[in-house]
Amino acid sequence: MRVKSFWGCALALSMTLPVSAQMSAEITVHENDGKQIIPKEIYGQFSEHLGTCIYGGLWVGKDSSIPNIEGYRADVFNALKDLKIPVLRWPGGCFADEYHWMDGIGPQDQRAYMVNNNWGGVTEDNSFGTHEFLNLCEMLGCEPYISGNVGSGTVEELAKWVEYMTSDSHSTMADLRRKNGRDKPWKVKYLGVGNESWGCGGSMYPEYYSDLYRRYATYCRNFGDNRLYKVASGASDYDYNWTRVLMNKVGTNMNAISLHYYSVINGWDQKGSSTQFNENEFMRTMGKCLEVEDVLKKHIAIMDEIDPAGRVDLFLDEWGTWWDVEPGTNPGFLFQQNTMRDALVASLSLDVFHKYTRRLKMCNIAQIVNVLQSMILTNPEGGMVLTPTYYTFKMYNVHQDATYLPSDLKCTHVKDAAGRDVPLISTTASRDANGVLHLSVSNCSPNESQVVNVAMDQLKIKSASGEILTSQHVYDINSFDQPNVVKPAKYTGAKVKDGKLSLTLPPYSMVTLEVK
Ligand code: AHR
């Protein structure tokens, strides 16, 4: 096996890793105890008018020299199609609460201009609007999740947007949609009533927002057989009071409440480089992303207390890593690179999310292209790379809508520099609708390979095959010059003996296997 060592001993740190020739871990999968389906929406995505997420990322326009399908960047579209995206949130983020949807309909060259005050102060020409977004969702086969403007928009504006998108009546809004080229209404299920209403979405107190939510939601109607699923703008991270107030004051007037949690390790002013980090920062990233479990538990406990019947769902509709922007790029564009550290944040986070799907029904990683922990990076010259995070999502797709199989895990734990407990192995097992059992295992040790012994309660394992995602150096990236540095490869480290499986996993690696 290839020996890898963490880079930059000059930067190395105070964290203590156990010194052993070979660390080992034990996983016991309870393959007959599966009760909960992992909703595919846990694999949701988020797109915002921010940097080059929309313009240059998803959309280049029909006249672009970059190959496109009706204006959508062809290479990006095809890569996203492969990813089986279940749901896509749009148009923000902070942008949503300054977005006036009527600016984004009608002939593209006649649409209103605006300045994107949240993100870089650039001119937004609204050439990507409601039709372009909803048609993209139809083409990708995913549910749209519209984020409505409560911060600076009116009740009338949001009510009319819903009517424009979903009504088949002869009304001014439905007829306007027809005039703009779309006869039949779209199906729109998920409607966010505001975003981060405690911050960029209006700096509100939870009591005030609760009243506003009730008012806005009242006028967002179900037209025909379209059934809206209304999502209240929820808490940031550790703001449990926000959840408590909304659960008490809005209650079952909302179908779900959202939550945002970003893995920021150094503070918002100096988030650190996406590619230059030491062991300390690597482990603190693992610790911070795993802390989402405690945050989820606490929000869910409040929801359970106030809504024991479980009628309100929880959506984690923004999550992921947030690093300093790449040197030389617009600070307002949030463009960052992506390494195996990010890929592991994705696998570890998904492993956590899978455990809480009794209440947690949707998660949307931020963001789909060119912003924060992206699936895809593009450049204006027509270059495109799939990030290590893209590959985690692709390899994890097998768990979408599969039955979650609980497991016991014994492995080495370390403390990160913030004192958080970090198990060095993470896992998910599931059985899909065809009865196929899949196992994902991540080794988040920065230095040590690990042997992971896997047993099932009853099943005698006969074989295991699949892929591994890792890299030679932990800081390796896929760049426009070298787009294939980090990518999945056939996994050859599985051995089966006496009905049990033994996996050898190099440092910072993840495997997904079909187990028979
Ligand atoms: O994803 C970037 C920003 O992070 C979003 O616009 C906002 O909702 C959050 O603060």
# chains A, B, ... in the order shown; residues from 1 in each chain; ligands from 1
$ residues_around --residues "Asn226 of chain A" --least-positions-apart "6" --cutoff "8 Å" --atoms "only C-alpha atoms" --output "VMD selection string"
chain A and resid 166 187 to 189
$ residues_near_ligand --ligand "ligand 1" --cutoff "6 Å" --atoms "only C-alpha atoms and all ligand atoms" --output "list of chain:residue names"
A:Gly92, A:Gly93, A:Cys94, A:Glu196, A:Ala366
$ write_last_selection --atoms "N, CA and C atoms" --output "short mmCIF file (atom, residue, chain, number, x, y, z; two decimals), in the first residue's frame"
data_model
loop_
_atom_site.label_atom_id
_atom_site.label_comp_id
_atom_site.auth_asym_id
_atom_site.auth_seq_id
_atom_site.Cartn_x
_atom_site.Cartn_y
_atom_site.Cartn_z
N GLY A 92 -31.38 32.16 -3.47
CA GLY A 92 -30.42 32.42 -2.39
C GLY A 92 -30.93 31.70 -1.18
N GLY A 93 -30.24 31.83 -0.10
CA GLY A 93 -29.27 32.75 0.36
C GLY A 93 -29.74 34.20 0.53
N CYS A 94 -28.76 34.94 0.97
CA CYS A 94 -28.98 36.37 1.22
C CYS A 94 -29.58 37.05 -0.01
N GLU A 196 -32.49 33.29 6.47
CA GLU A 196 -31.68 33.93 7.52
C GLU A 196 -32.34 35.24 7.96
N ALA A 366 -23.84 23.88 0.43
CA ALA A 366 -23.59 25.19 -0.18
C ALA A 366 -22.20 25.18 -0.83
#
$ closest_residue --among "A:Leu228, A:Leu316, A:Val162, A:Val150" --to "Val295 of chain A" --atoms "only C-alpha atoms"
A:Leu316
$ atom_distance --atom1 "atom CA of Glu132 of chain A" --atom2 "atom CA of Asn338 of chain A"
28.0 Å
$ select_by_dssp --residues "segment 130-182 of chain A" --states "strand (DSSP E)" --output "number ranges by chain"
A: 143-148
$ write_last_selection --atoms "N, CA and C atoms" --output "compact mmCIF listing (two decimals), in the first residue's frame"
# COMPACT_ATOMS: atom_id res chain seq x y z
N GLU A 143 -36.53 18.39 -7.77
CA GLU A 143 -37.56 19.29 -7.25
C GLU A 143 -36.96 20.68 -7.08
N PRO A 144 -37.69 21.72 -7.50
CA PRO A 144 -37.23 23.07 -7.18
C PRO A 144 -37.58 23.43 -5.74
N TYR A 145 -36.72 24.20 -5.11
CA TYR A 145 -36.96 24.72 -3.76
C TYR A 145 -36.76 26.23 -3.86
N ILE A 146 -37.87 26.95 -3.91
CA ILE A 146 -37.84 28.40 -4.11
C ILE A 146 -37.69 29.10 -2.76
N SER A 147 -36.76 30.03 -2.71
CA SER A 147 -36.56 30.82 -1.49
C SER A 147 -37.21 32.18 -1.71
N GLY A 148 -38.29 32.45 -1.00
CA GLY A 148 -39.06 33.68 -1.22
C GLY A 148 -38.50 34.88 -0.45
$ residues_around --residues "Met173 of chain A" --least-positions-apart "5" --cutoff "10 Å" --atoms "only C-alpha atoms" --output "PyMOL selection string"
chain A and resi 160-168+178-179
$ write_last_selection --atoms "N, CA and C atoms" --output "tab-separated table (two decimals), in the first residue's frame"
chain	number	residue	atom	x	y	z
A	160	LYS	N	-48.00	36.39	-5.58
A	160	LYS	CA	-48.11	36.39	-7.05
A	160	LYS	C	-47.07	35.48	-7.71
A	161	TRP	N	-45.90	35.38	-7.06
A	161	TRP	CA	-44.87	34.48	-7.62
A	161	TRP	C	-45.38	33.04	-7.62
A	162	VAL	N	-45.97	32.66	-6.49
A	162	VAL	CA	-46.53	31.31	-6.38
A	162	VAL	C	-47.59	31.10	-7.46
A	163	GLU	N	-48.45	32.11	-7.63
A	163	GLU	CA	-49.51	32.01	-8.63
A	163	GLU	C	-48.93	31.91	-10.04
A	164	TYR	N	-47.92	32.72	-10.31
A	164	TYR	CA	-47.27	32.73	-11.63
A	164	TYR	C	-46.71	31.34	-11.95
A	165	MET	N	-46.08	30.73	-10.96
A	165	MET	CA	-45.41	29.45	-11.21
A	165	MET	C	-46.38	28.28	-11.28
A	166	THR	N	-47.45	28.33	-10.47
A	166	THR	CA	-48.20	27.08	-10.25
A	166	THR	C	-49.68	27.11	-10.64
A	167	SER	N	-50.20	28.28	-11.04
A	167	SER	CA	-51.64	28.32	-11.32
A	167	SER	C	-51.95	28.01	-12.79
A	168	ASP	N	-53.01	27.22	-12.99
A	168	ASP	CA	-53.46	26.91	-14.34
A	168	ASP	C	-54.74	27.68	-14.68
A	178	ARG	N	-47.98	32.40	-19.41
A	178	ARG	CA	-48.24	31.86	-20.75
A	178	ARG	C	-47.65	32.77	-21.81
A	179	LYS	N	-47.85	34.07	-21.61
A	179	LYS	CA	-47.31	35.05	-22.57
A	179	LYS	C	-45.78	34.92	-22.65
$ atom_distance --atom1 "atom CA of Val325 of chain A" --atom2 "atom CA of Ser273 of chain A"
7.6 Å
$ residues_around --residues "segment 440-452 of chain A" --least-positions-apart "4" --cutoff "8 Å" --atoms "only C-alpha atoms" --output "number ranges by chain"
A: 4-6, 22-27, 279, 282-283, 286, 344, 347-348, 396, 424-429, 474, 502-513
$ write_last_selection --atoms "C-alpha atoms" --output "PDB file, in the first residue's frame"
ATOM      1  CA  LYS A   4       1.349   8.784   2.732  1.00  0.00           C
ATOM      2  CA  SER A   5       2.431  11.325   5.257  1.00  0.00           C
ATOM      3  CA  PHE A   6       0.897  14.603   6.178  1.00  0.00           C
ATOM      4  CA  GLN A  22      -1.608  -0.173  12.354  1.00  0.00           C
ATOM      5  CA  MET A  23      -4.781   1.235  13.827  1.00  0.00           C
ATOM      6  CA  SER A  24      -7.855  -0.931  13.599  1.00  0.00           C
ATOM      7  CA  ALA A  25     -11.593  -0.503  13.953  1.00  0.00           C
ATOM      8  CA  GLU A  26     -14.646  -2.771  14.179  1.00  0.00           C
ATOM      9  CA  ILE A  27     -18.006  -2.227  12.499  1.00  0.00           C
ATOM     10  CA  GLU A 279      -2.806  18.683  10.925  1.00  0.00           C
ATOM     11  CA  PHE A 282      -7.382  19.273   9.425  1.00  0.00           C
ATOM     12  CA  MET A 283      -8.515  17.683  12.692  1.00  0.00           C
ATOM     13  CA  MET A 286     -13.264  17.063  11.232  1.00  0.00           C
ATOM     14  CA  LEU A 344     -14.330  13.892   4.187  1.00  0.00           C
ATOM     15  CA  SER A 347     -18.859  11.903   3.954  1.00  0.00           C
ATOM     16  CA  LEU A 348     -18.718  12.457   7.718  1.00  0.00           C
ATOM     17  CA  TYR A 396     -22.802   8.134  -1.703  1.00  0.00           C
ATOM     18  CA  LEU A 424     -11.197   8.440  13.237  1.00  0.00           C
ATOM     19  CA  ILE A 425     -13.643   6.202  11.361  1.00  0.00           C
ATOM     20  CA  SER A 426     -17.108   7.072  10.102  1.00  0.00           C
ATOM     21  CA  THR A 427     -19.586   4.844   8.325  1.00  0.00           C
ATOM     22  CA  THR A 428     -23.027   4.351   6.773  1.00  0.00           C
ATOM     23  CA  ALA A 429     -24.681   1.091   5.741  1.00  0.00           C
ATOM     24  CA  VAL A 474      -4.059  15.670   1.526  1.00  0.00           C
ATOM     25  CA  SER A 502     -11.488  -6.641   6.382  1.00  0.00           C
ATOM     26  CA  LEU A 503     -10.790  -3.282   4.749  1.00  0.00           C
ATOM     27  CA  THR A 504      -7.457  -1.536   4.674  1.00  0.00           C
ATOM     28  CA  LEU A 505      -7.978   2.201   4.322  1.00  0.00           C
ATOM     29  CA  PRO A 506      -5.158   4.659   3.705  1.00  0.00           C
ATOM     30  CA  PRO A 507      -5.174   7.968   5.592  1.00  0.00           C
ATOM     31  CA  TYR A 508      -7.800  10.497   4.462  1.00  0.00           C
ATOM     32  CA  SER A 509      -9.753   8.100   2.318  1.00  0.00           C
ATOM     33  CA  MET A 510     -13.312   6.944   1.795  1.00  0.00           C
ATOM     34  CA  VAL A 511     -14.719   3.778   0.229  1.00  0.00           C
ATOM     35  CA  THR A 512     -18.207   2.812  -0.864  1.00  0.00           C
ATOM     36  CA  LEU A 513     -18.744  -0.873  -1.449  1.00  0.00           C
TER      37      LEU A 513
END
$ select_by_dssp --residues "segment 111-278 of chain A" --states "alpha helix (DSSP H)" --output "number ranges by chain"
A: 130-140, 155-166, 172-179, 206-218, 240-249
$ closest_residue --among "A:Asn32, A:Thr321, A:Ser349, A:Asn484" --to "Asp294 of chain A" --atoms "only C-alpha atoms"
A:Ser349
$ closest_residue --among "A:Leu140, A:Val345, A:Leu360, A:Val122" --to "Leu296 of chain A" --atoms "only C-alpha atoms"
A:Leu360
$ atom_distance --atom1 "atom CA of Tyr262 of chain A" --atom2 "atom CA of Asn370 of chain A"
16.5 Å
$ closest_residue --among "A:Ile105, A:Asn266, A:Leu212, A:Val76" --to "Gly181 of chain A" --atoms "only C-alpha atoms"
A:Ile105
$ residues_around --residues "Thr123 of chain A" --least-positions-apart "4" --cutoff "8 Å" --atoms "only C-alpha atoms" --output "ChimeraX atom specification"
/A:113-116
$ write_last_selection --atoms "C-alpha atoms" --output "compact mmCIF listing (two decimals), in the first residue's frame"
# COMPACT_ATOMS: atom_id res chain seq x y z
CA TYR A 113 -30.81 45.38 -13.97
CA MET A 114 -29.85 45.50 -10.34
CA VAL A 115 -26.72 45.58 -8.22
CA ASN A 116 -26.05 42.44 -6.25
$ residues_around --residues "Glu318 of chain A" --least-positions-apart "3" --cutoff "6 Å" --atoms "only C-alpha atoms" --output "PyMOL selection string"
chain A and resi 260+364-366
$ write_last_selection --atoms "all heavy atoms" --output "short mmCIF file (atom, residue, chain, number, x, y, z; two decimals), in the first residue's frame"
data_model
loop_
_atom_site.label_atom_id
_atom_site.label_comp_id
_atom_site.auth_asym_id
_atom_site.auth_seq_id
_atom_site.Cartn_x
_atom_site.Cartn_y
_atom_site.Cartn_z
N HIS A 260 -29.01 26.48 9.48
CA HIS A 260 -27.77 26.62 8.70
C HIS A 260 -26.58 26.31 9.60
O HIS A 260 -26.53 26.76 10.75
CB HIS A 260 -27.63 28.05 8.15
CG HIS A 260 -28.63 28.35 7.08
ND1 HIS A 260 -28.76 29.59 6.49
CD2 HIS A 260 -29.56 27.55 6.47
CE1 HIS A 260 -29.73 29.55 5.58
NE2 HIS A 260 -30.23 28.33 5.55
N ASN A 364 -29.05 20.80 2.17
CA ASN A 364 -28.63 21.40 0.90
C ASN A 364 -27.21 21.93 1.09
O ASN A 364 -27.00 22.92 1.80
CB ASN A 364 -29.56 22.54 0.50
CG ASN A 364 -31.01 22.11 0.48
OD1 ASN A 364 -31.61 21.92 1.54
ND2 ASN A 364 -31.58 21.93 -0.68
N ILE A 365 -26.26 21.25 0.48
CA ILE A 365 -24.87 21.69 0.62
C ILE A 365 -24.69 23.00 -0.14
O ILE A 365 -25.31 23.23 -1.18
CB ILE A 365 -23.89 20.59 0.15
CG1 ILE A 365 -22.45 20.97 0.52
CG2 ILE A 365 -24.04 20.29 -1.32
CD1 ILE A 365 -21.44 19.83 0.35
N ALA A 366 -23.84 23.88 0.43
CA ALA A 366 -23.59 25.19 -0.18
C ALA A 366 -22.20 25.18 -0.83
O ALA A 366 -21.22 24.99 -0.12
CB ALA A 366 -23.67 26.27 0.89
#
$ residues_around --residues "Thr154 of chain A" --least-positions-apart "5" --cutoff "12 Å" --atoms "only C-alpha atoms" --output "compact mmCIF listing (two decimals) with C-alpha atoms, in the first residue's frame"
# COMPACT_ATOMS: atom_id res chain seq x y z
CA ASP A 97 -34.34 38.64 0.27
CA GLU A 98 -33.37 41.31 -2.27
CA TYR A 99 -34.65 39.42 -5.29
CA HIS A 100 -37.74 40.70 -7.06
CA TRP A 101 -38.88 37.88 -9.27
CA GLY A 148 -39.06 33.68 -1.22
CA ASN A 149 -38.30 37.31 -0.42
CA ALA A 159 -48.21 35.39 -3.38
CA LYS A 160 -48.11 36.39 -7.05
CA TRP A 161 -44.87 34.48 -7.62
CA VAL A 193 -40.53 31.92 3.44
CA GLY A 194 -37.43 34.10 3.82
CA LEU A 212 -44.47 37.73 9.48
CA TYR A 213 -44.14 34.07 8.50
CA ARG A 215 -48.88 36.42 7.31
CA TYR A 216 -46.78 35.62 4.23
CA ALA A 217 -47.59 31.91 4.36
CA TYR A 219 -51.35 34.06 1.02
CA CYS A 220 -49.11 31.47 -0.61
$ closest_residue --among "A:Ala74, A:Val29, A:Cys137, A:Cys53" --to "Ser374 of chain A" --atoms "only C-alpha atoms"
A:Cys53
$ decode --residues "segment 423-459 of chain A" --atoms "N, CA and C atoms" --output "PDB file, in the first residue's frame"
ATOM      1  N   PRO A 423     -13.933  10.644  16.350  1.00  0.00           N
ATOM      2  CA  PRO A 423     -13.678   9.245  15.972  1.00  0.00           C
ATOM      3  C   PRO A 423     -12.992   9.222  14.618  1.00  0.00           C
ATOM      4  N   LEU A 424     -11.983   8.397  14.482  1.00  0.00           N
ATOM      5  CA  LEU A 424     -11.197   8.440  13.237  1.00  0.00           C
ATOM      6  C   LEU A 424     -11.799   7.591  12.111  1.00  0.00           C
ATOM      7  N   ILE A 425     -12.908   6.937  12.403  1.00  0.00           N
ATOM      8  CA  ILE A 425     -13.643   6.202  11.361  1.00  0.00           C
ATOM      9  C   ILE A 425     -15.088   6.668  11.382  1.00  0.00           C
ATOM     10  N   SER A 426     -15.696   6.712  10.205  1.00  0.00           N
ATOM     11  CA  SER A 426     -17.108   7.072  10.102  1.00  0.00           C
ATOM     12  C   SER A 426     -17.737   6.150   9.065  1.00  0.00           C
ATOM     13  N   THR A 427     -19.009   5.842   9.218  1.00  0.00           N
ATOM     14  CA  THR A 427     -19.586   4.844   8.325  1.00  0.00           C
ATOM     15  C   THR A 427     -21.087   5.022   8.126  1.00  0.00           C
ATOM     16  N   THR A 428     -21.587   4.518   7.028  1.00  0.00           N
ATOM     17  CA  THR A 428     -23.027   4.351   6.773  1.00  0.00           C
ATOM     18  C   THR A 428     -23.229   3.019   6.056  1.00  0.00           C
ATOM     19  N   ALA A 429     -24.260   2.289   6.488  1.00  0.00           N
ATOM     20  CA  ALA A 429     -24.681   1.091   5.741  1.00  0.00           C
ATOM     21  C   ALA A 429     -26.143   1.272   5.373  1.00  0.00           C
ATOM     22  N   SER A 430     -26.512   0.800   4.190  1.00  0.00           N
ATOM     23  CA  SER A 430     -27.920   0.908   3.783  1.00  0.00           C
ATOM     24  C   SER A 430     -28.261  -0.235   2.824  1.00  0.00           C
ATOM     25  N   ARG A 431     -29.570  -0.470   2.701  1.00  0.00           N
ATOM     26  CA  ARG A 431     -30.021  -1.477   1.719  1.00  0.00           C
ATOM     27  C   ARG A 431     -30.969  -0.786   0.756  1.00  0.00           C
ATOM     28  N   ASP A 432     -30.702  -0.899  -0.538  1.00  0.00           N
ATOM     29  CA  ASP A 432     -31.532  -0.175  -1.503  1.00  0.00           C
ATOM     30  C   ASP A 432     -32.786  -0.968  -1.852  1.00  0.00           C
ATOM     31  N   ALA A 433     -33.615  -0.372  -2.713  1.00  0.00           N
ATOM     32  CA  ALA A 433     -34.921  -0.971  -3.030  1.00  0.00           C
ATOM     33  C   ALA A 433     -34.773  -2.339  -3.690  1.00  0.00           C
ATOM     34  N   ASN A 434     -33.633  -2.607  -4.300  1.00  0.00           N
ATOM     35  CA  ASN A 434     -33.404  -3.918  -4.921  1.00  0.00           C
ATOM     36  C   ASN A 434     -32.772  -4.913  -3.961  1.00  0.00           C
ATOM     37  N   GLY A 435     -32.642  -4.510  -2.707  1.00  0.00           N
ATOM     38  CA  GLY A 435     -32.075  -5.417  -1.708  1.00  0.00           C
ATOM     39  C   GLY A 435     -30.559  -5.397  -1.657  1.00  0.00           C
ATOM     40  N   VAL A 436     -29.936  -4.489  -2.410  1.00  0.00           N
ATOM     41  CA  VAL A 436     -28.467  -4.466  -2.439  1.00  0.00           C
ATOM     42  C   VAL A 436     -27.949  -3.668  -1.235  1.00  0.00           C
ATOM     43  N   LEU A 437     -26.982  -4.247  -0.546  1.00  0.00           N
ATOM     44  CA  LEU A 437     -26.424  -3.634   0.658  1.00  0.00           C
ATOM     45  C   LEU A 437     -25.155  -2.850   0.307  1.00  0.00           C
ATOM     46  N   HIS A 438     -25.114  -1.594   0.735  1.00  0.00           N
ATOM     47  CA  HIS A 438     -23.935  -0.760   0.484  1.00  0.00           C
ATOM     48  C   HIS A 438     -23.334  -0.287   1.799  1.00  0.00           C
ATOM     49  N   LEU A 439     -22.031  -0.187   1.791  1.00  0.00           N
ATOM     50  CA  LEU A 439     -21.313   0.256   2.984  1.00  0.00           C
ATOM     51  C   LEU A 439     -20.328   1.343   2.574  1.00  0.00           C
ATOM     52  N   SER A 440     -20.399   2.482   3.264  1.00  0.00           N
ATOM     53  CA  SER A 440     -19.391   3.529   3.069  1.00  0.00           C
ATOM     54  C   SER A 440     -18.581   3.630   4.346  1.00  0.00           C
ATOM     55  N   VAL A 441     -17.266   3.730   4.199  1.00  0.00           N
ATOM     56  CA  VAL A 441     -16.397   3.877   5.378  1.00  0.00           C
ATOM     57  C   VAL A 441     -15.353   4.946   5.061  1.00  0.00           C
ATOM     58  N   SER A 442     -15.205   5.902   5.995  1.00  0.00           N
ATOM     59  CA  SER A 442     -14.183   6.946   5.841  1.00  0.00           C
ATOM     60  C   SER A 442     -13.126   6.782   6.914  1.00  0.00           C
ATOM     61  N   ASN A 443     -11.877   6.954   6.513  1.00  0.00           N
ATOM     62  CA  ASN A 443     -10.776   7.029   7.476  1.00  0.00           C
ATOM     63  C   ASN A 443     -10.345   8.491   7.523  1.00  0.00           C
ATOM     64  N   CYS A 444     -10.622   9.176   8.648  1.00  0.00           N
ATOM     65  CA  CYS A 444     -10.224  10.590   8.698  1.00  0.00           C
ATOM     66  C   CYS A 444      -8.975  10.788   9.537  1.00  0.00           C
ATOM     67  N   SER A 445      -8.177   9.731   9.672  1.00  0.00           N
ATOM     68  CA  SER A 445      -6.853   9.949  10.249  1.00  0.00           C
ATOM     69  C   SER A 445      -5.988  10.660   9.203  1.00  0.00           C
ATOM     70  N   PRO A 446      -5.252  11.701   9.615  1.00  0.00           N
ATOM     71  CA  PRO A 446      -4.427  12.408   8.626  1.00  0.00           C
ATOM     72  C   PRO A 446      -3.144  11.669   8.272  1.00  0.00           C
ATOM     73  N   ASN A 447      -2.760  10.679   9.089  1.00  0.00           N
ATOM     74  CA  ASN A 447      -1.463  10.028   8.869  1.00  0.00           C
ATOM     75  C   ASN A 447      -1.511   8.522   8.755  1.00  0.00           C
ATOM     76  N   GLU A 448      -2.468   7.909   9.408  1.00  0.00           N
ATOM     77  CA  GLU A 448      -2.395   6.464   9.602  1.00  0.00           C
ATOM     78  C   GLU A 448      -3.395   5.726   8.721  1.00  0.00           C
ATOM     79  N   SER A 449      -2.916   4.648   8.123  1.00  0.00           N
ATOM     80  CA  SER A 449      -3.888   3.769   7.494  1.00  0.00           C
ATOM     81  C   SER A 449      -4.557   2.946   8.603  1.00  0.00           C
ATOM     82  N   GLN A 450      -5.720   2.431   8.331  1.00  0.00           N
ATOM     83  CA  GLN A 450      -6.442   1.673   9.350  1.00  0.00           C
ATOM     84  C   GLN A 450      -7.015   0.403   8.728  1.00  0.00           C
ATOM     85  N   VAL A 451      -7.043  -0.651   9.536  1.00  0.00           N
ATOM     86  CA  VAL A 451      -7.737  -1.867   9.129  1.00  0.00           C
ATOM     87  C   VAL A 451      -9.105  -1.836   9.783  1.00  0.00           C
ATOM     88  N   VAL A 452     -10.144  -1.950   8.974  1.00  0.00           N
ATOM     89  CA  VAL A 452     -11.512  -1.893   9.495  1.00  0.00           C
ATOM     90  C   VAL A 452     -12.142  -3.269   9.281  1.00  0.00           C
ATOM     91  N   ASN A 453     -12.473  -3.920  10.392  1.00  0.00           N
ATOM     92  CA  ASN A 453     -13.096  -5.245  10.317  1.00  0.00           C
ATOM     93  C   ASN A 453     -14.605  -5.086  10.364  1.00  0.00           C
ATOM     94  N   VAL A 454     -15.278  -5.680   9.387  1.00  0.00           N
ATOM     95  CA  VAL A 454     -16.731  -5.495   9.262  1.00  0.00           C
ATOM     96  C   VAL A 454     -17.424  -6.844   9.371  1.00  0.00           C
ATOM     97  N   ALA A 455     -18.443  -6.903  10.229  1.00  0.00           N
ATOM     98  CA  ALA A 455     -19.260  -8.120  10.335  1.00  0.00           C
ATOM     99  C   ALA A 455     -20.722  -7.717  10.282  1.00  0.00           C
ATOM    100  N   MET A 456     -21.557  -8.647   9.844  1.00  0.00           N
ATOM    101  CA  MET A 456     -23.014  -8.432   9.862  1.00  0.00           C
ATOM    102  C   MET A 456     -23.585  -9.306  10.979  1.00  0.00           C
ATOM    103  N   ASP A 457     -24.771  -8.958  11.476  1.00  0.00           N
ATOM    104  CA  ASP A 457     -25.382  -9.771  12.527  1.00  0.00           C
ATOM    105  C   ASP A 457     -25.548 -11.215  12.073  1.00  0.00           C
ATOM    106  N   GLN A 458     -26.148 -11.421  10.918  1.00  0.00           N
ATOM    107  CA  GLN A 458     -26.463 -12.780  10.447  1.00  0.00           C
ATOM    108  C   GLN A 458     -25.744 -13.117   9.149  1.00  0.00           C
ATOM    109  N   LEU A 459     -25.706 -12.120   8.278  1.00  0.00           N
ATOM    110  CA  LEU A 459     -25.211 -12.383   6.926  1.00  0.00           C
ATOM    111  C   LEU A 459     -23.733 -12.755   6.942  1.00  0.00           C
TER     112      LEU A 459
END
